[in-house]
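What follows is one structure encoded as structure tokens, with my remarks underneath.
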Protein chains: 2
Amino acid sequence: MVSQKVQRNFWPKVLGAGPGSSKYFTTILLSSLKDAETVVASSRILQEIKKISATDAELIELPKGGELYEFLNTIKSKERTYVLSTGDPMVSGLGKFFPESEIEPGISSIQKCASLIHKPINDSAIISSRYKNNYGKISHLIALGLNVYLLPEPELTVSEVVKKIASNVGYKLRLHICIDVSLDTERVYVGSVEDFMNLDDNGLKVIFVEPSPS
Amino acid sequence: MVSQKVQRNFWPKVLGAGPGSSKYFTTILLSSLKDAETVVASSRILQEIKKISATDAELIELPKGGELYEFLNTIKSKERTYVLSTGDPMVSGLGKFFPESEIEPGISSIQKCASLIHKPINDSAIISSRYKNNYGKISHLIALGLNVYLLPEPELTVSEVVKKIASNVGYKLRLHICIDVSLDTERVYVGSVEDFMNLDDNGLKVIFVEPSPS
């Protein structure tokens with residue numbers, strides 16, 4: 001027996017809002033904002049919403065750290081409330097906290113990075129090392145012929161992340177590193193593991209790992 | 001030495017247009033359409049553009065099959081020409097044909113599927129079996145603790161794809177299957193490998209593979 005899944009339809013609704021700039025807002029996000037009574041989002045996304053006067057709704061900033069979980073419980077089942085997830089709700093986003101809600105995708109930082117570096121997202125793995133030590137998987141994925149998009153720990157600098165990659169992977173690698181995609185401070189680097197050993201840059205990072213071409 | 005990559009800036013520009021419905025058009029896509037002299041896209045996306053009167057540009061339908069590659073060469077370096085890629089240009093899309101062009105992401109069918117089935121895209125691999133036999137990788141990825149989003153051969157029915165998965169994977173699996181996401185014909189199924197052995201449904205498919213919960 002094959003069960004056909006039913007659309008969820010409970011409040012709040014959860015929408016992806018893109019990596020930072022309102023250029024990546026979707027039409028469904030904009031029409032939802034017009035309908036909203038309450039909009040919950042990060043301070044960066046709220047700034048973008050105000051800049052383009054996208055809504056008359058009450059705007060509430062998402063708390064950071066441990067307070068987040070408690071706060072998300074307080075808005076469960078609140079009508080006409082929209083929770084915006086920076087990037088895509090299902091790419092290390094807020095979707096997982098709302099199993100009963102309707103969710104709509106948004107452009108993730110991984111996609112903007114892939115567009116900037118001209119690398120495919122298909123035939124790739126997307127892993128995060130924020131809550132799990134996933135560094136050990138990278139060499140297995142490369143051996144399988146996949147590339148890897150890594151969302152690393154936010155507090156680590158580029159050199160700290162690259163040292164963790166290097167100590168786990170035996171292959172010669174080429175890395176592309178996207179930071180703060182879609183923001184005014186956006187920057188993209190490319191090089192070998194050795195090239196990044198002393199780069200103390202930090203920001204919202206996406207690291208693309210592929211075997212070295214040589 | 002770390003080289004900072006430079007933004008590409010050659011025509012045509014390539015933009016993701018979402019999985020089918022204009023609800024997933026981005027603001028940057030809509031403003032590009034206003035600026036365009038020529039817009040190249042699939043017939044489905046062109047229909048959506050006409051429905052919302054998004055542009056005064058000349059609209060050209062992308063040819064299918066072998067003619068596609070020849071056609072794409074004829075529009076290289078044509079000014080104010082925008083090539084729209086259904087979904088995201090870097091997820092089995094048109095981005096790879098334009099190494100010199102600026103590319104902008106779009107919502108892929110994988111993302112819409114993930115939102116519908118409430119499954120994460122992080123800690124997952126995205127593989128396509130359209131041009132490569134990637135079925136053999138699925139069991140390795142599951143063993144690594146990753147889930148798999150598979151974009152299968154378009155001509156195969158659900159039962160034909162599931163039989164290929166079953167013959168390659170030793171694990172007990174749970175499958176979620178999204179077809180025609182964001183279109184009026186959108187449907188989502190969930191079940192075990194056995195459940196799908198006789199489902200002759202077809203359409204634009206995304207198959208999510210995870211270990212069976214039992």
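The chains in the structure tokens are called A, B, ... from first to last as shown; in each chain the residues are counted from 1, and the ligands are counted from 1 in the order shown.
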Set the cut-off to 8 Å and count only C-alpha atoms: what are the residues of chain B that reach chain A? Output as a JSON list (two decimals) with N, CA and C atoms, in the first residue's frame.
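After the write, iface-v7.json holds the following:
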[["chain", "number", "residue", "atom", "x", "y", "z"],
["B", 1, "MET", "N", 49.17, 30.85, -1.79],
["B", 1, "MET", "CA", 48.46, 32.02, -2.34],
["B", 1, "MET", "C", 46.98, 31.68, -2.55],
["B", 2, "VAL", "N", 46.12, 32.55, -2.09],
["B", 2, "VAL", "CA", 44.68, 32.37, -2.25],
["B", 2, "VAL", "C", 44.19, 33.38, -3.28],
["B", 3, "SER", "N", 43.61, 32.88, -4.33],
["B", 3, "SER", "CA", 43.10, 33.83, -5.32],
["B", 3, "SER", "C", 41.63, 34.07, -5.07],
["B", 4, "GLN", "N", 41.26, 35.31, -5.11],
["B", 4, "GLN", "CA", 39.86, 35.67, -4.93],
["B", 4, "GLN", "C", 39.20, 35.63, -6.31],
["B", 5, "LYS", "N", 38.10, 34.90, -6.43],
["B", 5, "LYS", "CA", 37.47, 34.74, -7.73],
["B", 5, "LYS", "C", 36.74, 36.01, -8.14],
["B", 7, "GLN", "N", 33.71, 37.97, -10.26],
["B", 7, "GLN", "CA", 32.36, 37.78, -10.81],
["B", 7, "GLN", "C", 32.41, 37.75, -12.33],
["B", 22, "SER", "N", 5.07, 30.16, -11.03],
["B", 22, "SER", "CA", 5.68, 31.49, -10.85],
["B", 22, "SER", "C", 5.71, 31.90, -9.38],
["B", 23, "LYS", "N", 5.04, 31.16, -8.50],
["B", 23, "LYS", "CA", 5.14, 31.44, -7.05],
["B", 23, "LYS", "C", 6.59, 31.39, -6.57],
["B", 24, "TYR", "N", 7.42, 30.63, -7.30],
["B", 24, "TYR", "CA", 8.81, 30.47, -6.86],
["B", 24, "TYR", "C", 9.79, 31.33, -7.66],
["B", 25, "PHE", "N", 9.27, 32.22, -8.50],
["B", 25, "PHE", "CA", 10.15, 33.20, -9.15],
["B", 25, "PHE", "C", 10.76, 34.08, -8.07],
["B", 26, "THR", "N", 12.01, 34.46, -8.26],
["B", 26, "THR", "CA", 12.67, 35.38, -7.31],
["B", 26, "THR", "C", 12.55, 36.82, -7.81],
["B", 27, "THR", "N", 12.77, 37.75, -6.90],
["B", 27, "THR", "CA", 12.75, 39.17, -7.25],
["B", 27, "THR", "C", 13.79, 39.47, -8.33],
["B", 28, "ILE", "N", 14.97, 38.88, -8.24],
["B", 28, "ILE", "CA", 16.01, 39.15, -9.24],
["B", 28, "ILE", "C", 15.60, 38.59, -10.61],
["B", 88, "ASP", "N", 16.95, 25.03, -10.40],
["B", 88, "ASP", "CA", 18.19, 25.77, -10.13],
["B", 88, "ASP", "C", 19.21, 25.44, -11.23],
["B", 89, "PRO", "N", 19.90, 26.45, -11.77],
["B", 89, "PRO", "CA", 20.84, 26.17, -12.88],
["B", 89, "PRO", "C", 21.95, 25.19, -12.51],
["B", 90, "MET", "N", 22.27, 25.07, -11.21],
["B", 90, "MET", "CA", 23.37, 24.19, -10.81],
["B", 90, "MET", "C", 22.88, 22.84, -10.27],
["B", 91, "VAL", "N", 21.58, 22.58, -10.31],
["B", 91, "VAL", "CA", 21.05, 21.26, -9.94],
["B", 91, "VAL", "C", 20.56, 20.60, -11.23],
["B", 92, "SER", "N", 21.46, 19.89, -11.88],
["B", 92, "SER", "CA", 21.16, 19.26, -13.18],
["B", 92, "SER", "C", 20.50, 20.26, -14.14],
["B", 95, "GLY", "N", 23.27, 25.70, -16.08],
["B", 95, "GLY", "CA", 24.45, 26.45, -15.68],
["B", 95, "GLY", "C", 25.75, 25.94, -16.28],
["B", 96, "LYS", "N", 25.88, 24.61, -16.39],
["B", 96, "LYS", "CA", 27.16, 24.03, -16.84],
["B", 96, "LYS", "C", 27.52, 24.39, -18.27],
["B", 99, "PRO", "N", 30.04, 28.65, -18.86],
["B", 99, "PRO", "CA", 31.11, 28.88, -17.86],
["B", 99, "PRO", "C", 31.51, 30.34, -17.69],
["B", 102, "GLU", "N", 27.19, 35.05, -15.77],
["B", 102, "GLU", "CA", 26.70, 35.23, -14.42],
["B", 102, "GLU", "C", 25.50, 34.30, -14.23],
["B", 103, "ILE", "N", 25.45, 33.62, -13.11],
["B", 103, "ILE", "CA", 24.38, 32.68, -12.84],
["B", 103, "ILE", "C", 23.68, 33.09, -11.55],
["B", 104, "GLU", "N", 22.36, 32.96, -11.54],
["B", 104, "GLU", "CA", 21.61, 33.22, -10.31],
["B", 104, "GLU", "C", 20.76, 32.00, -9.97],
["B", 105, "PRO", "N", 20.71, 31.64, -8.69],
["B", 105, "PRO", "CA", 19.99, 30.43, -8.30],
["B", 105, "PRO", "C", 18.47, 30.56, -8.42],
["B", 106, "GLY", "N", 17.80, 29.41, -8.41],
["B", 106, "GLY", "CA", 16.34, 29.34, -8.37],
["B", 106, "GLY", "C", 15.92, 28.18, -7.48],
["B", 107, "ILE", "N", 14.66, 28.12, -7.13],
["B", 107, "ILE", "CA", 14.17, 27.03, -6.26],
["B", 107, "ILE", "C", 14.13, 25.74, -7.09],
["B", 111, "GLN", "N", 14.17, 21.06, -3.45],
["B", 111, "GLN", "CA", 13.80, 21.88, -2.30],
["B", 111, "GLN", "C", 12.30, 21.86, -2.03],
["B", 112, "LYS", "N", 11.51, 21.96, -3.11],
["B", 112, "LYS", "CA", 10.06, 21.93, -2.91],
["B", 112, "LYS", "C", 9.65, 20.57, -2.36],
["B", 114, "ALA", "N", 11.54, 18.55, -0.49],
["B", 114, "ALA", "CA", 11.98, 18.50, 0.92],
["B", 114, "ALA", "C", 11.00, 19.23, 1.83],
["B", 115, "SER", "N", 10.48, 20.37, 1.37],
["B", 115, "SER", "CA", 9.50, 21.12, 2.16],
["B", 115, "SER", "C", 8.20, 20.34, 2.31],
["B", 116, "LEU", "N", 7.78, 19.66, 1.25],
["B", 116, "LEU", "CA", 6.53, 18.89, 1.30],
["B", 116, "LEU", "C", 6.65, 17.69, 2.24],
["B", 117, "ILE", "N", 7.80, 17.02, 2.22],
["B", 117, "ILE", "CA", 7.94, 15.79, 3.01],
["B", 117, "ILE", "C", 8.62, 16.05, 4.36],
["B", 118, "HIS", "N", 9.00, 17.32, 4.62],
["B", 118, "HIS", "CA", 9.62, 17.69, 5.89],
["B", 118, "HIS", "C", 10.88, 16.88, 6.17],
["B", 119, "LYS", "N", 11.76, 16.83, 5.18],
["B", 119, "LYS", "CA", 13.02, 16.12, 5.36],
["B", 119, "LYS", "C", 14.18, 17.08, 5.08],
["B", 120, "PRO", "N", 15.30, 16.91, 5.81],
["B", 120, "PRO", "CA", 16.42, 17.86, 5.62],
["B", 120, "PRO", "C", 17.17, 17.64, 4.31],
["B", 121, "ILE", "N", 17.68, 18.71, 3.76],
["B", 121, "ILE", "CA", 18.59, 18.64, 2.61],
["B", 121, "ILE", "C", 20.04, 18.57, 3.10],
["B", 122, "ASN", "N", 20.31, 19.17, 4.27],
["B", 122, "ASN", "CA", 21.64, 18.98, 4.84],
["B", 122, "ASN", "C", 21.76, 17.52, 5.29],
["B", 123, "ASP", "N", 23.00, 17.05, 5.40],
["B", 123, "ASP", "CA", 23.27, 15.64, 5.71],
["B", 123, "ASP", "C", 22.59, 14.71, 4.71],
["B", 124, "SER", "N", 22.60, 15.15, 3.46],
["B", 124, "SER", "CA", 22.03, 14.38, 2.35],
["B", 124, "SER", "C", 22.96, 14.49, 1.15],
["B", 125, "ALA", "N", 22.81, 13.52, 0.24],
["B", 125, "ALA", "CA", 23.48, 13.63, -1.06],
["B", 125, "ALA", "C", 22.41, 13.83, -2.13],
["B", 126, "ILE", "N", 22.77, 14.59, -3.16],
["B", 126, "ILE", "CA", 21.87, 14.83, -4.28],
["B", 126, "ILE", "C", 22.51, 14.19, -5.51],
["B", 127, "ILE", "N", 21.88, 13.14, -6.01],
["B", 127, "ILE", "CA", 22.48, 12.46, -7.17],
["B", 127, "ILE", "C", 21.44, 12.35, -8.29],
["B", 128, "SER", "N", 21.96, 12.32, -9.50],
["B", 128, "SER", "CA", 21.11, 12.16, -10.66],
["B", 128, "SER", "C", 21.51, 10.87, -11.37],
["B", 137, "LYS", "N", 25.73, 4.03, -5.76],
["B", 137, "LYS", "CA", 26.23, 4.86, -4.66],
["B", 137, "LYS", "C", 25.27, 4.93, -3.48],
["B", 141, "LEU", "N", 26.05, 5.69, 0.59],
["B", 141, "LEU", "CA", 25.64, 6.95, 1.21],
["B", 141, "LEU", "C", 24.79, 6.69, 2.46],
["B", 144, "LEU", "N", 26.90, 5.72, 5.25],
["B", 144, "LEU", "CA", 27.61, 6.88, 5.83],
["B", 144, "LEU", "C", 26.70, 7.72, 6.73],
["B", 187, "ARG", "N", 1.95, 15.50, -6.69],
["B", 187, "ARG", "CA", 1.55, 14.40, -5.81],
["B", 187, "ARG", "C", 2.77, 13.87, -5.06],
["B", 188, "VAL", "N", 2.51, 13.35, -3.86],
["B", 188, "VAL", "CA", 3.60, 12.88, -2.99],
["B", 188, "VAL", "C", 3.20, 11.52, -2.40],
["B", 189, "TYR", "N", 4.09, 10.57, -2.49],
["B", 189, "TYR", "CA", 3.84, 9.24, -1.95],
["B", 189, "TYR", "C", 4.91, 8.91, -0.91],
["B", 190, "VAL", "N", 4.55, 8.02, 0.02],
["B", 190, "VAL", "CA", 5.55, 7.50, 0.96],
["B", 190, "VAL", "C", 5.32, 6.01, 1.16],
["B", 191, "GLY", "N", 6.39, 5.25, 1.30],
["B", 191, "GLY", "CA", 6.22, 3.81, 1.52],
["B", 191, "GLY", "C", 7.54, 3.08, 1.47],
["B", 195, "ASP", "N", 6.14, -1.38, -1.46],
["B", 195, "ASP", "CA", 4.92, -0.60, -1.75],
["B", 195, "ASP", "C", 4.89, -0.03, -3.16],
["B", 196, "PHE", "N", 6.07, 0.23, -3.72],
["B", 196, "PHE", "CA", 6.13, 0.95, -5.00],
["B", 196, "PHE", "C", 6.36, 0.02, -6.19]]
- prompt: Mind checking DSSP for segment 46-197 of chain A and telling me the alpha helix (DSSP H) residues as a ChimeraX atom specification?
  reply: /A:46-51,67-74,109-117,137-143,158-168
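Counting from atom CA of Leu72 of chain A, the distance to atom CA of Pro154 of chain A is 21.4 Å.
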query: Separation of atom CA of Leu59 of chain A and atom CA of Gly20 of chain A, in Å?
result: 16.6 Å
message: Please compute the atom CA of Glu155 of chain A-atom CA of Asn202 of chain A distance, one decimal, in Å.
response: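 So the answer is 7.9 Å.
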Please identify which residues in segment 2-208 of chain A DSSP calls strand (DSSP E or B) from the backbone, and express them as an mmCIF file with C-alpha atoms, in the first residue's frame.
data_model
loop_
_atom_site.group_PDB
_atom_site.id
_atom_site.type_symbol
_atom_site.label_atom_id
_atom_site.label_comp_id
_atom_site.auth_asym_id
_atom_site.auth_seq_id
_atom_site.Cartn_x
_atom_site.Cartn_y
_atom_site.Cartn_z
ATOM 1 C CA SER A 3 -0.009 6.279 1.166
ATOM 2 C CA GLN A 4 -0.279 9.647 -0.437
ATOM 3 C CA PHE A 10 -1.224 24.570 10.559
ATOM 4 C CA TRP A 11 0.154 27.856 11.801
ATOM 5 C CA PRO A 12 2.723 29.215 11.792
ATOM 6 C CA LYS A 13 3.819 28.822 8.203
ATOM 7 C CA VAL A 14 7.554 28.587 7.587
ATOM 8 C CA LEU A 15 9.136 30.203 4.522
ATOM 9 C CA GLY A 16 12.662 30.416 3.192
ATOM 10 C CA GLY A 18 17.076 33.577 0.825
ATOM 11 C CA THR A 26 10.252 34.567 -3.831
ATOM 12 C CA THR A 38 3.154 38.636 12.614
ATOM 13 C CA VAL A 39 6.511 38.010 10.924
ATOM 14 C CA VAL A 40 9.351 36.351 12.797
ATOM 15 C CA ALA A 41 12.840 36.492 11.246
ATOM 16 C CA GLU A 58 4.321 43.141 13.475
ATOM 17 C CA LEU A 59 8.004 42.221 13.079
ATOM 18 C CA ILE A 60 9.646 40.066 15.735
ATOM 19 C CA GLU A 61 13.352 39.284 15.827
ATOM 20 C CA THR A 81 2.177 34.140 11.750
ATOM 21 C CA TYR A 82 5.022 33.553 9.304
ATOM 22 C CA VAL A 83 8.405 32.334 10.418
ATOM 23 C CA LEU A 84 11.135 33.201 7.939
ATOM 24 C CA SER A 85 14.150 30.944 7.776
ATOM 25 C CA GLY A 87 18.227 30.482 3.285
ATOM 26 C CA SER A 101 3.419 23.420 9.406
ATOM 27 C CA GLU A 102 3.338 24.148 5.732
ATOM 28 C CA ILE A 103 6.865 24.932 4.580
ATOM 29 C CA GLU A 104 8.011 26.808 1.483
ATOM 30 C CA SER A 124 27.318 16.369 -4.378
ATOM 31 C CA ALA A 125 26.690 15.896 -0.682
ATOM 32 C CA ILE A 126 25.594 18.708 1.597
ATOM 33 C CA ILE A 127 26.861 18.285 5.132
ATOM 34 C CA SER A 128 26.963 20.480 8.185
ATOM 35 C CA ASN A 147 31.800 16.734 -4.301
ATOM 36 C CA VAL A 148 30.989 18.161 -0.887
ATOM 37 C CA TYR A 149 29.340 21.381 0.230
ATOM 38 C CA LEU A 150 30.224 21.896 3.894
ATOM 39 C CA LEU A 151 28.400 24.288 6.237
ATOM 40 C CA LEU A 173 41.813 18.742 -2.516
ATOM 41 C CA ARG A 174 40.769 21.951 -4.156
ATOM 42 C CA LEU A 175 38.557 24.233 -2.066
ATOM 43 C CA HIS A 176 36.205 27.049 -3.009
ATOM 44 C CA ILE A 177 35.116 29.172 -0.080
ATOM 45 C CA CYS A 178 32.115 31.527 -0.233
ATOM 46 C CA ILE A 179 31.567 33.980 2.611
ATOM 47 C CA ARG A 187 33.750 37.198 -1.070
ATOM 48 C CA VAL A 188 34.877 34.004 -2.787
ATOM 49 C CA TYR A 189 38.240 32.257 -2.560
ATOM 50 C CA VAL A 190 39.712 29.282 -4.379
ATOM 51 C CA GLY A 191 42.858 27.293 -3.634
ATOM 52 C CA SER A 192 44.448 24.195 -2.185
ATOM 53 C CA LYS A 205 30.758 30.276 5.225
ATOM 54 C CA VAL A 206 30.058 27.646 2.568
ATOM 55 C CA ILE A 207 33.028 25.420 1.680
ATOM 56 C CA PHE A 208 33.032 23.431 -1.557
#
Using only C-alpha atoms, determine which residues lie at most 9 Å from Ala57 of chain B, disregarding the query and same-chain residues fewer than 4 positions distant; provide the list as a CSV table (one decimal) with all heavy atoms, in the first residue's frame.
chain,number,residue,atom,x,y,z
B,33,LEU,N,13.7,39.9,-16.0
B,33,LEU,CA,12.7,39.8,-17.1
B,33,LEU,C,12.3,41.1,-17.7
B,33,LEU,O,12.0,41.3,-18.9
B,33,LEU,CB,11.5,39.0,-16.6
B,33,LEU,CG,11.7,37.5,-16.4
B,33,LEU,CD1,10.5,36.9,-15.7
B,33,LEU,CD2,12.0,36.8,-17.7
B,34,LYS,N,12.1,42.1,-16.8
B,34,LYS,CA,11.7,43.5,-17.2
B,34,LYS,C,12.8,44.1,-18.1
B,34,LYS,O,12.5,44.9,-19.0
B,34,LYS,CB,11.5,44.4,-16.0
B,34,LYS,CG,10.2,44.0,-15.3
B,34,LYS,CD,9.7,45.3,-14.6
B,34,LYS,CE,8.5,44.9,-13.6
B,34,LYS,NZ,7.9,43.6,-13.7
B,35,ASP,N,14.1,43.8,-17.8
B,35,ASP,CA,15.2,44.4,-18.6
B,35,ASP,C,15.5,43.6,-19.9
B,35,ASP,O,16.2,44.1,-20.7
B,35,ASP,CB,16.4,44.3,-17.6
B,35,ASP,CG,17.7,44.7,-18.3
B,35,ASP,OD1,17.8,45.9,-18.8
B,35,ASP,OD2,18.6,43.9,-18.5
B,36,ALA,N,15.0,42.4,-20.0
B,36,ALA,CA,15.4,41.5,-21.1
B,36,ALA,C,14.9,41.9,-22.5
B,36,ALA,O,13.9,42.5,-22.7
B,36,ALA,CB,14.8,40.1,-20.8
B,37,GLU,N,15.8,41.6,-23.4
B,37,GLU,CA,15.4,41.8,-24.9
B,37,GLU,C,14.9,40.4,-25.4
B,37,GLU,O,14.0,40.3,-26.2
B,37,GLU,CB,16.6,42.2,-25.6
B,37,GLU,CG,16.3,42.9,-26.9
B,37,GLU,CD,17.5,43.8,-27.3
B,37,GLU,OE1,18.4,43.2,-28.1
B,37,GLU,OE2,17.6,45.0,-26.9
B,38,THR,N,15.6,39.3,-24.9
B,38,THR,CA,15.3,38.0,-25.3
B,38,THR,C,15.3,37.1,-24.1
B,38,THR,O,16.2,37.2,-23.2
B,38,THR,CB,16.3,37.4,-26.3
B,38,THR,OG1,16.5,38.4,-27.4
B,38,THR,CG2,15.9,36.1,-26.9
B,39,VAL,N,14.2,36.3,-23.9
B,39,VAL,CA,14.1,35.3,-22.8
B,39,VAL,C,14.0,33.9,-23.4
B,39,VAL,O,13.1,33.6,-24.2
B,39,VAL,CB,12.9,35.6,-21.9
B,39,VAL,CG1,12.8,34.5,-20.9
B,39,VAL,CG2,13.1,37.0,-21.3
